[in-house]
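**Q** Got a file for you: start_7.txt, compact mmCIF, C-alpha atoms and all ligand atoms.
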# COMPACT_ATOMS: atom_id res chain seq x y z
CA MET T 264 108.23 99.19 153.66
CA SER T 265 111.88 99.73 152.77
CA GLU T 266 113.15 99.09 149.25
CA GLU T 267 115.06 96.08 150.55
CA GLN T 268 111.96 94.52 152.01
CA LYS T 269 109.97 95.23 148.89
CA THR T 270 112.36 93.42 146.65
CA GLY T 271 113.55 90.74 149.09
CA ARG T 272 112.59 87.13 148.93
CA ARG T 273 110.40 87.28 151.99
CA ALA T 274 108.41 90.09 150.47
CA PHE T 275 108.14 88.11 147.29
CA ILE T 276 106.73 85.08 149.06
CA ALA T 277 104.36 87.24 151.04
CA ALA T 278 103.24 88.85 147.79
CA SER T 279 102.70 85.53 146.07
CA VAL T 280 100.69 84.21 149.01
CA GLY T 281 98.78 87.47 149.05
CA ALA T 282 97.94 87.03 145.38
CA ALA T 283 95.72 84.06 146.30
CA GLY T 284 92.61 86.20 146.14
CA PHE T 285 93.36 87.41 142.60
CA VAL T 286 94.43 84.14 141.06
CA ALA T 287 91.41 82.18 142.15
CA LEU T 288 92.47 78.75 140.99
CA ALA T 289 90.73 75.63 142.13
CA PRO T 290 92.99 73.18 143.98
CA GLY T 291 94.56 70.74 141.57
CA VAL T 292 94.43 73.08 138.60
CA LYS T 293 97.77 72.65 136.81
CA LEU T 294 100.28 75.45 136.34
CA MET T 295 99.98 75.64 132.61
CA ASP T 296 96.21 75.93 132.57
CA LEU T 297 96.51 79.68 132.95
CA ALA T 298 98.49 79.97 129.74
CA GLN T 299 96.24 77.57 127.89
CA ALA T 300 93.18 79.47 129.03
CA ARG T 301 94.37 82.56 127.14
CA ALA T 302 92.17 82.98 124.06
CA PRO T 303 93.70 83.99 120.72
CA GLY T 304 93.89 87.77 120.66
CA GLU T 305 94.08 87.98 124.46
CA SER T 306 97.16 89.68 125.92
CA VAL T 307 99.50 88.15 128.47
CA SER T 308 98.45 88.77 132.04
CA GLY T 309 100.35 90.49 134.84
CA LYS T 310 98.71 88.07 137.25
CA VAL T 311 101.17 85.43 136.07
CA ARG T 312 104.88 85.54 136.79
CA TRP T 313 106.78 82.79 135.09
CA GLY T 314 109.73 81.43 137.00
CA MET T 315 111.95 78.45 137.44
CA LEU T 316 113.31 76.48 140.35
CA ILE T 317 116.51 74.55 139.70
CA ASP T 318 117.43 71.77 142.09
CA THR T 319 121.22 71.62 141.88
CA THR T 320 121.25 68.38 143.90
CA LYS T 321 119.49 66.69 140.97
CA CYS T 322 121.37 68.45 138.14
CA ALA T 323 123.95 65.96 136.84
CA THR T 324 127.59 66.91 136.27
CA GLY T 325 128.44 66.41 132.60
CA CYS T 326 124.81 66.40 131.42
CA SER T 327 123.96 69.17 128.97
CA ASP T 328 120.58 68.02 127.69
CA CYS T 329 119.04 71.39 128.59
CA VAL T 330 121.65 73.26 126.52
CA ALA T 331 121.11 70.93 123.55
CA ALA T 332 117.33 71.25 123.76
CA CYS T 333 117.63 75.04 123.81
CA ALA T 334 119.84 74.98 120.71
CA THR T 335 117.35 72.78 118.86
CA GLU T 336 114.25 74.74 119.84
CA ASN T 337 115.73 78.16 119.16
CA ALA T 338 117.93 77.10 116.22
CA ILE T 339 121.14 78.29 117.87
CA GLU T 340 124.14 77.25 115.84
CA PRO T 341 127.82 77.74 116.65
CA GLY T 342 129.30 80.79 114.91
CA SER T 343 131.73 80.11 112.09
CA GLY T 344 135.01 79.30 113.80
CA ARG T 345 134.65 81.75 116.68
CA PRO T 346 133.18 79.87 119.63
CA ALA T 347 133.65 82.86 121.94
CA GLN T 348 131.24 84.84 119.76
CA SER T 349 128.57 82.15 119.51
CA SER T 350 125.19 82.86 121.03
CA GLN T 351 124.66 81.28 124.39
CA TRP T 352 121.18 81.34 125.86
CA ILE T 353 121.87 78.70 128.52
CA ARG T 354 125.14 77.23 129.79
CA LYS T 355 126.18 74.64 132.31
CA ILE T 356 128.31 75.73 135.25
CA GLU T 357 130.29 73.20 137.28
CA LEU T 358 131.23 74.26 140.81
CA LYS T 359 133.54 72.69 143.37
CA GLU T 360 133.82 73.65 147.01
CA LYS T 361 137.43 74.38 147.92
CA THR T 362 137.12 73.24 151.52
CA GLY T 363 135.43 70.47 153.44
CA GLY T 364 134.23 67.53 151.40
CA HIS T 365 134.98 69.31 148.09
CA ARG T 366 131.34 69.06 147.16
CA GLU T 367 130.80 69.29 143.42
CA LEU T 368 127.68 70.63 141.89
CA SER T 369 126.50 71.66 138.50
CA LEU T 370 123.71 73.95 137.38
CA PRO T 371 122.29 75.57 134.27
CA MET T 372 122.60 79.37 134.08
CA MET T 373 120.51 81.54 131.80
CA CYS T 374 118.64 84.86 131.81
CA GLN T 375 117.13 85.06 135.29
CA HIS T 376 114.12 87.08 134.10
CA CYS T 377 114.67 89.66 136.82
CA ALA T 378 111.69 91.56 138.20
CA ASN T 379 113.96 94.64 138.32
CA PRO T 380 116.05 94.01 135.21
CA PRO T 381 119.12 96.23 134.78
CA CYS T 382 119.20 95.32 131.08
CA VAL T 383 115.87 97.12 130.68
CA ASP T 384 117.05 100.08 132.78
CA VAL T 385 120.07 100.77 130.59
CA CYS T 386 118.56 100.10 127.18
CA PRO T 387 118.55 103.44 125.32
CA THR T 388 115.89 102.42 122.80
CA GLY T 389 113.28 100.51 124.77
CA ALA T 390 114.15 97.30 122.94
CA SER T 391 114.82 95.46 126.21
CA PHE T 392 111.54 95.09 128.01
CA LYS T 393 109.70 92.97 130.53
CA ARG T 394 106.48 91.37 129.39
CA ALA T 395 103.49 91.54 131.74
CA ASP T 396 104.06 87.92 132.76
CA GLY T 397 107.66 88.64 133.83
CA ILE T 398 109.51 87.36 130.76
CA VAL T 399 112.37 89.70 129.83
CA LEU T 400 112.84 89.98 126.06
CA VAL T 401 114.66 91.97 123.38
CA ASP T 402 112.45 93.47 120.69
CA ARG T 403 114.76 93.03 117.70
CA HIS T 404 112.69 95.46 115.66
CA ILE T 405 113.97 98.20 117.98
CA CYS T 406 117.38 96.93 119.18
CA ILE T 407 120.30 98.89 117.72
CA GLY T 408 122.94 96.45 118.93
CA CYS T 409 124.64 98.88 121.30
CA ARG T 410 125.21 96.04 123.81
CA TYR T 411 124.70 98.24 126.91
CA CYS T 412 122.39 95.51 128.23
CA MET T 413 125.15 92.91 127.93
CA MET T 414 127.33 95.10 130.15
CA ALA T 415 124.54 95.65 132.64
CA CYS T 416 123.49 92.04 133.09
CA PRO T 417 125.23 90.59 136.16
CA TYR T 418 124.60 87.03 134.94
CA GLN T 419 126.27 87.40 131.52
CA ALA T 420 123.04 86.07 130.13
CA ARG T 421 122.99 87.95 126.84
CA SER T 422 124.74 87.39 123.51
CA PHE T 423 125.26 89.54 120.45
CA VAL T 424 124.68 88.01 117.03
CA HIS T 425 127.79 88.76 114.96
CA GLU T 426 127.01 86.95 111.72
CA PRO T 427 124.06 86.69 109.34
CA LEU T 428 121.78 83.78 110.21
CA HIS T 429 119.86 81.59 107.76
CA HIS T 430 118.37 78.67 109.65
CA GLN T 431 116.08 80.33 112.16
CA ASN T 432 113.10 78.50 113.57
CA PRO T 433 110.15 80.34 111.92
CA GLU T 434 108.77 80.89 115.42
CA VAL T 435 112.05 82.30 116.76
CA PRO T 436 113.26 85.20 114.62
CA ARG T 437 116.93 85.98 115.27
CA GLY T 438 119.41 88.04 113.34
CA GLN T 439 122.73 89.78 112.98
CA GLY T 440 123.28 93.00 114.89
CA CYS T 441 120.89 92.33 117.75
CA VAL T 442 121.33 91.18 121.31
CA GLU T 443 119.43 88.12 122.48
CA ALA T 444 118.98 85.88 125.51
CA CYS T 445 116.84 83.11 126.94
CA THR T 446 113.14 83.84 126.39
CA PHE T 447 111.83 80.99 128.58
CA CYS T 448 110.80 79.67 125.10
CA VAL T 449 108.13 82.34 124.89
CA GLN T 450 106.77 80.81 121.67
CA ARG T 451 106.06 77.59 123.57
CA ILE T 452 104.65 79.37 126.62
CA ASP T 453 102.20 81.24 124.38
CA ARG T 454 100.74 77.92 123.30
CA GLY T 455 100.65 76.48 126.81
CA GLN T 456 103.92 74.53 126.88
CA GLY T 457 106.93 74.99 129.15
CA PRO T 458 110.51 75.77 128.11
CA ALA T 459 112.36 73.16 126.00
CA CYS T 460 115.20 72.86 128.55
CA VAL T 461 112.80 71.90 131.33
CA GLU T 462 111.19 69.27 129.13
CA ALA T 463 114.61 67.84 128.18
CA CYS T 464 115.76 67.74 131.81
CA GLY T 465 112.63 65.77 132.69
CA LYS T 466 113.20 63.38 129.77
CA SER T 467 116.81 62.80 130.86
CA GLY T 468 115.38 61.53 134.16
CA HIS T 469 117.11 64.18 136.27
CA GLU T 470 114.07 66.42 136.77
CA ALA T 471 116.25 69.21 138.14
CA MET T 472 114.23 72.02 136.54
CA LEU T 473 110.74 73.07 137.55
CA PHE T 474 108.90 75.75 135.62
CA GLY T 475 105.67 77.50 136.51
CA ASP T 476 103.79 80.52 137.73
CA LEU T 477 105.42 81.95 140.84
CA ASN T 478 102.23 83.88 141.59
CA ASP T 479 100.02 80.81 141.73
CA PRO T 480 100.01 79.74 145.38
CA GLY T 481 98.47 76.36 144.50
CA GLY T 482 101.13 75.64 141.87
CA GLU T 483 104.04 73.27 142.32
CA ILE T 484 106.74 75.92 142.03
CA ALA T 485 105.28 78.34 144.57
CA LYS T 486 104.68 75.45 146.98
CA ARG T 487 108.27 74.26 146.62
CA ILE T 488 109.68 77.77 147.06
CA SER T 489 107.62 78.23 150.20
CA THR T 490 108.74 74.93 151.72
CA VAL T 491 112.38 74.35 150.70
CA ALA T 492 115.34 76.69 151.03
CA SER T 493 116.10 78.25 147.67
CA SER T 494 118.42 81.07 146.76
CA GLN T 495 118.76 83.79 144.21
CA VAL T 496 122.12 84.15 142.53
CA ARG T 497 123.55 87.55 143.53
CA ALA T 498 120.56 88.20 145.81
CA ASP T 499 122.55 91.21 147.10
CA LEU T 500 121.72 93.06 143.88
CA ARG T 501 117.99 92.86 144.72
CA LEU T 502 116.97 92.17 141.13
CA ASP T 503 114.38 89.59 142.25
CA PRO T 504 115.26 86.99 139.61
CA GLY T 505 112.55 84.63 138.40
CA VAL T 506 115.02 81.74 138.41
CA ARG T 507 115.74 80.28 141.84
CA TYR T 508 118.29 77.64 142.82
CA GLN T 509 118.03 74.93 145.41
CA GLY T 510 121.10 73.40 147.07
CA ILE T 511 123.74 76.07 146.38
CA MET N 180 113.19 130.94 64.74
CA LEU N 181 110.81 131.40 67.62
CA ARG N 182 108.25 129.32 65.76
CA HIS N 183 110.76 126.49 65.34
CA ALA N 184 111.58 126.57 69.02
CA GLY N 185 107.87 126.33 69.79
CA LEU N 186 107.55 123.30 67.51
CA ALA N 187 110.56 121.67 69.07
CA PHE N 188 109.11 122.22 72.50
CA ALA N 189 105.76 120.75 71.45
CA ALA N 190 107.55 117.71 70.04
CA PHE N 191 109.48 117.36 73.28
CA VAL N 192 106.28 117.52 75.35
CA ALA N 193 104.66 114.95 73.08
CA PHE N 194 107.66 112.66 73.56
CA ILE N 195 107.45 112.96 77.34
CA VAL N 196 103.69 112.33 77.38
CA PHE N 197 103.49 109.43 74.91
CA ALA N 198 106.85 107.82 74.39
CA LEU N 199 108.48 107.74 77.84
CA PRO N 200 105.79 105.72 79.63
CA ALA N 201 105.99 103.20 76.84
CA VAL N 202 109.76 103.00 77.30
CA ALA N 203 109.31 102.68 81.06
CA LEU N 204 106.67 99.99 80.68
CA ALA N 205 108.82 98.06 78.28
CA GLY N 206 111.97 98.58 80.37
CA VAL N 207 110.78 97.48 83.80
CA PRO N 208 109.09 94.10 83.68
CA LYS N 209 106.08 93.65 85.95
CA PRO N 210 106.70 91.26 88.84
CA VAL N 211 106.25 87.62 87.90
CA ILE N 212 104.92 85.84 90.92
CA ASP N 213 105.18 82.16 91.68
CA ILE N 214 103.02 81.08 94.63
CA ALA N 215 103.26 77.53 95.97
CA ASN N 216 99.85 77.45 97.67
CA PRO N 217 97.50 79.89 95.98
CA GLY N 218 94.21 80.25 97.81
CA GLN N 219 92.14 82.67 99.81
CA CYS N 220 94.21 85.52 101.28
CA ILE N 221 93.11 87.38 104.42
CA ALA N 222 92.10 90.39 102.28
CA SER N 223 91.81 91.38 98.61
CA PRO N 224 95.03 91.89 96.61
CA GLU N 225 94.32 95.65 96.42
CA VAL N 226 94.08 95.90 100.20
CA MET N 227 97.08 93.65 100.78
CA ARG N 228 99.28 95.57 98.33
CA ARG N 229 98.58 98.85 100.05
CA THR N 230 98.36 97.86 103.69
CA HIS N 231 100.29 94.65 104.34
CA MET N 232 103.11 96.63 105.90
CA ASP N 233 100.76 98.40 108.31
CA MET N 234 99.08 95.13 109.24
CA LEU N 235 102.43 93.50 109.95
CA LEU N 236 103.72 96.49 111.91
CA HIS N 237 100.61 96.47 114.09
CA GLN N 238 100.72 92.71 114.63
CA ARG N 239 104.44 92.64 115.41
CA ASP N 240 103.91 94.77 118.53
CA LYS N 241 100.90 92.70 119.59
CA THR N 242 102.90 89.49 119.29
CA MET N 243 106.19 90.76 120.70
CA HIS N 244 104.83 92.70 123.66
CA GLU N 245 101.48 91.11 124.42
CA GLY N 246 102.10 87.53 123.34
CA GLN N 247 99.20 87.44 120.87
CA ARG N 248 99.85 84.78 118.29
CA GLY N 249 97.95 82.82 115.69
CA GLY N 250 95.60 85.65 114.68
CA LYS N 251 94.50 86.61 111.18
CA VAL N 252 97.65 88.62 110.48
CA ASP N 253 100.67 86.37 110.87
CA LEU N 254 103.92 86.71 108.93
CA ASN N 255 104.44 82.95 109.11
CA GLY N 256 100.96 82.57 107.62
CA CYS N 257 102.01 84.77 104.66
CA ILE N 258 105.10 82.64 104.14
CA ASP N 259 103.21 79.34 104.39
CA CYS N 260 101.13 80.27 101.33
CA HIS N 261 103.42 82.57 99.38
CA ALA N 262 106.71 80.65 99.43
CA SER N 263 107.60 79.56 95.89
CA LYS N 264 107.59 75.98 94.64
CA SER N 265 111.11 76.26 93.25
CA ASN N 266 113.06 76.98 96.44
CA GLY N 267 110.38 76.93 99.14
CA SER N 268 111.04 80.58 100.04
CA VAL N 269 109.53 84.04 99.60
CA LEU N 270 113.03 85.27 98.67
CA GLY N 271 115.77 84.14 96.32
CA SER N 272 115.01 85.64 92.90
CA ASN N 273 112.71 88.19 91.33
CA GLN N 274 110.16 85.42 90.86
CA ASN N 275 109.79 84.90 94.60
CA PHE N 276 106.74 86.54 96.11
CA CYS N 277 108.14 89.16 98.49
CA GLN N 278 111.31 89.87 96.54
CA SER N 279 109.54 90.29 93.19
CA CYS N 280 107.33 93.20 94.23
CA HIS N 281 109.90 94.78 96.49
CA ALA N 282 112.41 94.76 93.63
CA TYR N 283 109.79 96.26 91.30
CA ALA N 284 108.87 98.98 93.81
CA ALA N 285 112.52 99.45 94.86
CA VAL N 286 111.64 99.10 98.54
CA LYS N 287 114.20 97.44 100.78
CA ILE N 288 112.82 94.46 102.66
CA ASP N 289 114.17 94.05 106.19
CA CYS N 290 111.90 91.36 107.66
CA PHE N 291 114.09 88.46 106.63
CA GLU N 292 117.24 89.75 108.30
CA CYS N 293 115.72 87.96 111.30
CA HIS N 294 112.58 86.13 110.14
CA GLN N 295 112.82 82.78 108.39
CA PRO N 296 111.69 83.22 104.74
CA LYS N 297 110.62 79.58 104.45
CA PRO N 298 107.71 77.73 106.00
CA GLY N 299 108.53 75.39 108.87
CA LYS N 300 108.40 72.29 106.70
CA ALA N 301 110.87 73.59 104.13
CA ARG N 302 113.28 74.51 106.90
CA ILE N 303 113.10 71.01 108.28
CA ALA N 304 113.66 69.60 104.77
CA GLY N 305 116.90 71.63 104.81
CA ILE N 306 116.45 73.69 101.62
CA LYS N 307 119.15 76.37 101.67
CA PRO N 308 118.08 79.97 101.06
S1 LIG T 601 119.41 88.04 133.89
FE1 LIG T 601 120.38 89.69 132.75
S2 LIG T 601 119.37 89.73 130.75
FE2 LIG T 601 118.06 88.53 132.15
S3 LIG T 601 116.59 90.03 133.01
FE3 LIG T 601 118.31 89.91 134.48
S4 LIG T 601 119.70 91.56 133.81
FE4 LIG T 601 118.27 91.20 132.09
S1 LIG T 602 121.83 96.10 122.53
FE1 LIG T 602 119.65 96.38 121.98
S2 LIG T 602 118.51 95.58 123.75
FE2 LIG T 602 120.63 95.88 124.43
S3 LIG T 602 120.70 97.93 125.35
FE3 LIG T 602 121.29 98.19 123.17
S4 LIG T 602 119.37 98.62 122.07
FE4 LIG T 602 118.80 97.79 124.11
Would you give me this structure, written as structure tokens?
**A**
Amino acid sequence: MSEEQKTGRRAFIAASVGAAGFVALAPGVKLMDLAQARAPGESVSGKVRWGMLIDTTKCATGCSDCVAACATENAIEPGSGRPAQSSQWIRKIELKEKTGGHRELSLPMMCQHCANPPCVDVCPTGASFKRADGIVLVDRHICIGCRYCMMACPYQARSFVHEPLHHQNPEVPRGQGCVEACTFCVQRIDRGQGPACVEACGKSGHEAMLFGDLNDPGGEIAKRISTVASSQVRADLRLDPGVRYQGI
Amino acid sequence: MLRHAGLAFAAFVAFIVFALPAVALAGVPKPVIDIANPGQCIASPEVMRRTHMDMLLHQRDKTMHEGQRGGKVDLNGCIDCHASKSNGSVLGSNQNFCQSCHAYAAVKIDCFECHQPKPGKARIAGIKP
């Protein structure tokens, strides 16, 4: 199998269908049951790969409920007077087609939790790493703030914290001198919940974001990815992102 | 002359042995600790004083890399009990739990460059560090 096939979307779908034997879930078992089933003291499992499917046809132009929910959950505050330096874990992007019907669409962009993450490749300290369940994180205990990973990320998903912070969520340690990005709300996932942005998008009534285990063939997200056309942003880079988009 | 030097030396040794520790003890006050929720810790004070840093170092990798949370060792658990009544934090003055001992032992404390030194409830109540 060539490298391209290995990392391509087809291969990914084949792999997730092939995983049926390992993830022996009864039909109807919900996505989050796997996470909830993890006992205290049990490590995350490589059988799970968390991912997201964003339906851009449902994402509403002008709505930023996902961004606001992220800021609340992860206690992200604007930097003092320098918006360009503020941390940004998720942002809204508005697109307009130049030709034809000038179709407009909007979508949230965040760390794509790549299966082959360049941020991890370039990190000189090992601070950038991929957890067994596919979540890409920065270990702030190890990060030296060199920002190589920010350069390497094709999605501009990472931010550097320039100023001392005081109002962190006790579950989300963050601090000056380290690089950070979307964690899929790892603190919520570890107690069996989904990311805050996905919850907020559902509450807003748009339901444009679907979160779940890409490896679970019976799960909603794997079913949707196997039946509707979805795309990876910059699929040409073959990073196999965990976040997929529908309707772009 | 030599005898006088010997006496002087003996006096000097006696000063070092008896007087200096007294000066040191008087000069550096023992930590005064104010704990909001005293109760049963996860281990005895002797064990905690010597090994809390090793416990936290071990747990930090388990939590960060393997997603293990809510176990016996939990920095947020420490803070929930040990934050002071006065400002709801483990830091702030030499009466606050973490800061008091670290100031006494002259060991820099890095945890709270990133970790929140107040329990969740105090943060929500908006008490400034
Ligand atoms: S989107 Fe960027 S930060 Fe996230 S895993 Fe991929 S390269 Fe790393
Ligand atoms: S900024 Fe931190 S996480 Fe990023 S490459 Fe440097 S050491 Fe690694």
**Q** Please, which residues in chain T fall within 8 Å of ligand LIG 602 (chain T) when counting all atoms listed in the file, and what is the closest atom pair and distance in Å to one decimal for each, ordered by chain then residue number, as a Markdown table?
**A**
| residue | atom | partner | partner_atom | distance |
| --- | --- | --- | --- | --- |
| T:Cys382 | CA | T:LIG602 | S3 | 6.5 |
| T:Val383 | CA | T:LIG602 | FE4 | 7.2 |
| T:Val385 | CA | T:LIG602 | S3 | 6.0 |
| T:Cys386 | CA | T:LIG602 | S3 | 3.6 |
| T:Pro387 | CA | T:LIG602 | FE4 | 5.8 |
| T:Thr388 | CA | T:LIG602 | S4 | 5.2 |
| T:Gly389 | CA | T:LIG602 | FE4 | 6.2 |
| T:Ala390 | CA | T:LIG602 | S2 | 4.8 |
| T:Ser391 | CA | T:LIG602 | S2 | 4.4 |
| T:Val401 | CA | T:LIG602 | S2 | 5.3 |
| T:Asp402 | CA | T:LIG602 | S2 | 7.1 |
| T:Arg403 | CA | T:LIG602 | FE1 | 7.3 |
| T:Ile405 | CA | T:LIG602 | S4 | 6.8 |
| T:Cys406 | CA | T:LIG602 | FE1 | 3.6 |
| T:Ile407 | CA | T:LIG602 | S4 | 4.5 |
| T:Gly408 | CA | T:LIG602 | S1 | 3.8 |
| T:Cys409 | CA | T:LIG602 | FE3 | 3.9 |
| T:Arg410 | CA | T:LIG602 | S1 | 3.6 |
| T:Tyr411 | CA | T:LIG602 | S3 | 4.3 |
| T:Cys412 | CA | T:LIG602 | S3 | 4.1 |
| T:Met413 | CA | T:LIG602 | FE2 | 6.4 |
| T:Phe423 | CA | T:LIG602 | S1 | 7.7 |
| T:Cys441 | CA | T:LIG602 | FE1 | 6.0 |
| T:Val442 | CA | T:LIG602 | S1 | 5.1 |
| T:Glu443 | CA | T:LIG602 | S2 | 7.6 |
**Q** Residues of chain T that approach ligand LIG 601 (chain T) to 8 Å or less, counting all atoms listed in the file: could you list each one with the shortest pair of atoms and its distance in Å to one decimal, rows by chain and increasing residue number, as a Markdown table?
**A**
| residue | atom | partner | partner_atom | distance |
| --- | --- | --- | --- | --- |
| T:Met373 | CA | T:LIG601 | S1 | 6.9 |
| T:Cys374 | CA | T:LIG601 | FE2 | 3.7 |
| T:Gln375 | CA | T:LIG601 | S1 | 4.0 |
| T:His376 | CA | T:LIG601 | S3 | 4.0 |
| T:Cys377 | CA | T:LIG601 | S3 | 4.3 |
| T:Ala378 | CA | T:LIG601 | S3 | 7.3 |
| T:Asn379 | CA | T:LIG601 | FE3 | 7.5 |
| T:Pro380 | CA | T:LIG601 | S3 | 4.6 |
| T:Pro381 | CA | T:LIG601 | S4 | 4.8 |
| T:Cys382 | CA | T:LIG601 | FE4 | 4.3 |
| T:Val383 | CA | T:LIG601 | FE4 | 6.5 |
| T:Lys393 | CA | T:LIG601 | S3 | 7.9 |
| T:Ile398 | CA | T:LIG601 | S3 | 7.9 |
| T:Val399 | CA | T:LIG601 | S3 | 5.3 |
| T:Leu400 | CA | T:LIG601 | S3 | 7.9 |
| T:Cys412 | CA | T:LIG601 | S2 | 7.0 |
| T:Met413 | CA | T:LIG601 | S2 | 7.2 |
| T:Ala415 | CA | T:LIG601 | S4 | 6.4 |
| T:Cys416 | CA | T:LIG601 | S4 | 3.9 |
| T:Pro417 | CA | T:LIG601 | FE1 | 6.0 |
| T:Tyr418 | CA | T:LIG601 | S1 | 5.4 |
| T:Gln419 | CA | T:LIG601 | FE1 | 6.4 |
| T:Ala420 | CA | T:LIG601 | FE1 | 5.2 |
| T:Arg421 | CA | T:LIG601 | S2 | 5.6 |
| T:Ala444 | CA | T:LIG601 | S2 | 6.5 |
| T:Cys445 | CA | T:LIG601 | FE2 | 7.6 |
| T:Leu502 | CA | T:LIG601 | FE3 | 7.2 |
| T:Pro504 | CA | T:LIG601 | FE3 | 6.6 |
**Q** For chain T against chain N, which residues fall within 8 Å using all atoms listed in the file, given as a PyMOL selection string?
**A** chain T and resi 303-307+394-395+402+427-439+453
**Q** Would you write out those residues with C-alpha atoms, as a PDB file, keeping the file's coordinate frame?
**A**
ATOM      1  CA  PRO T 303      93.700  83.990 120.720  1.00  0.00           C
ATOM      2  CA  GLY T 304      93.890  87.770 120.660  1.00  0.00           C
ATOM      3  CA  GLU T 305      94.080  87.980 124.460  1.00  0.00           C
ATOM      4  CA  SER T 306      97.160  89.680 125.920  1.00  0.00           C
ATOM      5  CA  VAL T 307      99.500  88.150 128.470  1.00  0.00           C
ATOM      6  CA  ARG T 394     106.480  91.370 129.390  1.00  0.00           C
ATOM      7  CA  ALA T 395     103.490  91.540 131.740  1.00  0.00           C
ATOM      8  CA  ASP T 402     112.450  93.470 120.690  1.00  0.00           C
ATOM      9  CA  PRO T 427     124.060  86.690 109.340  1.00  0.00           C
ATOM     10  CA  LEU T 428     121.780  83.780 110.210  1.00  0.00           C
ATOM     11  CA  HIS T 429     119.860  81.590 107.760  1.00  0.00           C
ATOM     12  CA  HIS T 430     118.370  78.670 109.650  1.00  0.00           C
ATOM     13  CA  GLN T 431     116.080  80.330 112.160  1.00  0.00           C
ATOM     14  CA  ASN T 432     113.100  78.500 113.570  1.00  0.00           C
ATOM     15  CA  PRO T 433     110.150  80.340 111.920  1.00  0.00           C
ATOM     16  CA  GLU T 434     108.770  80.890 115.420  1.00  0.00           C
ATOM     17  CA  VAL T 435     112.050  82.300 116.760  1.00  0.00           C
ATOM     18  CA  PRO T 436     113.260  85.200 114.620  1.00  0.00           C
ATOM     19  CA  ARG T 437     116.930  85.980 115.270  1.00  0.00           C
ATOM     20  CA  GLY T 438     119.410  88.040 113.340  1.00  0.00           C
ATOM     21  CA  GLN T 439     122.730  89.780 112.980  1.00  0.00           C
ATOM     22  CA  ASP T 453     102.200  81.240 124.380  1.00  0.00           C
TER      23      ASP T 453
END
**Q** Nearest residue to Cys220 (chain N) out of N:Gly206, N:Cys257, N:Phe276, N:Leu235, using all atoms listed in the file?
**A**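 Using all atoms listed in the file, Cys220 (chain N) sits closest to N:Cys257.
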**Q** Rounded to one decimal place, report the CA of Ser349 (chain T)-CA of Glu336 (chain T) distance in Å.
**A** 16.1 Å
**Q** Between T:Pro346, T:Gly465, T:Pro480, T:Gly455, which residue has the minimum interatomic distance to Lys310 (chain T), considering only C-alpha atoms?
**A** T:Pro480
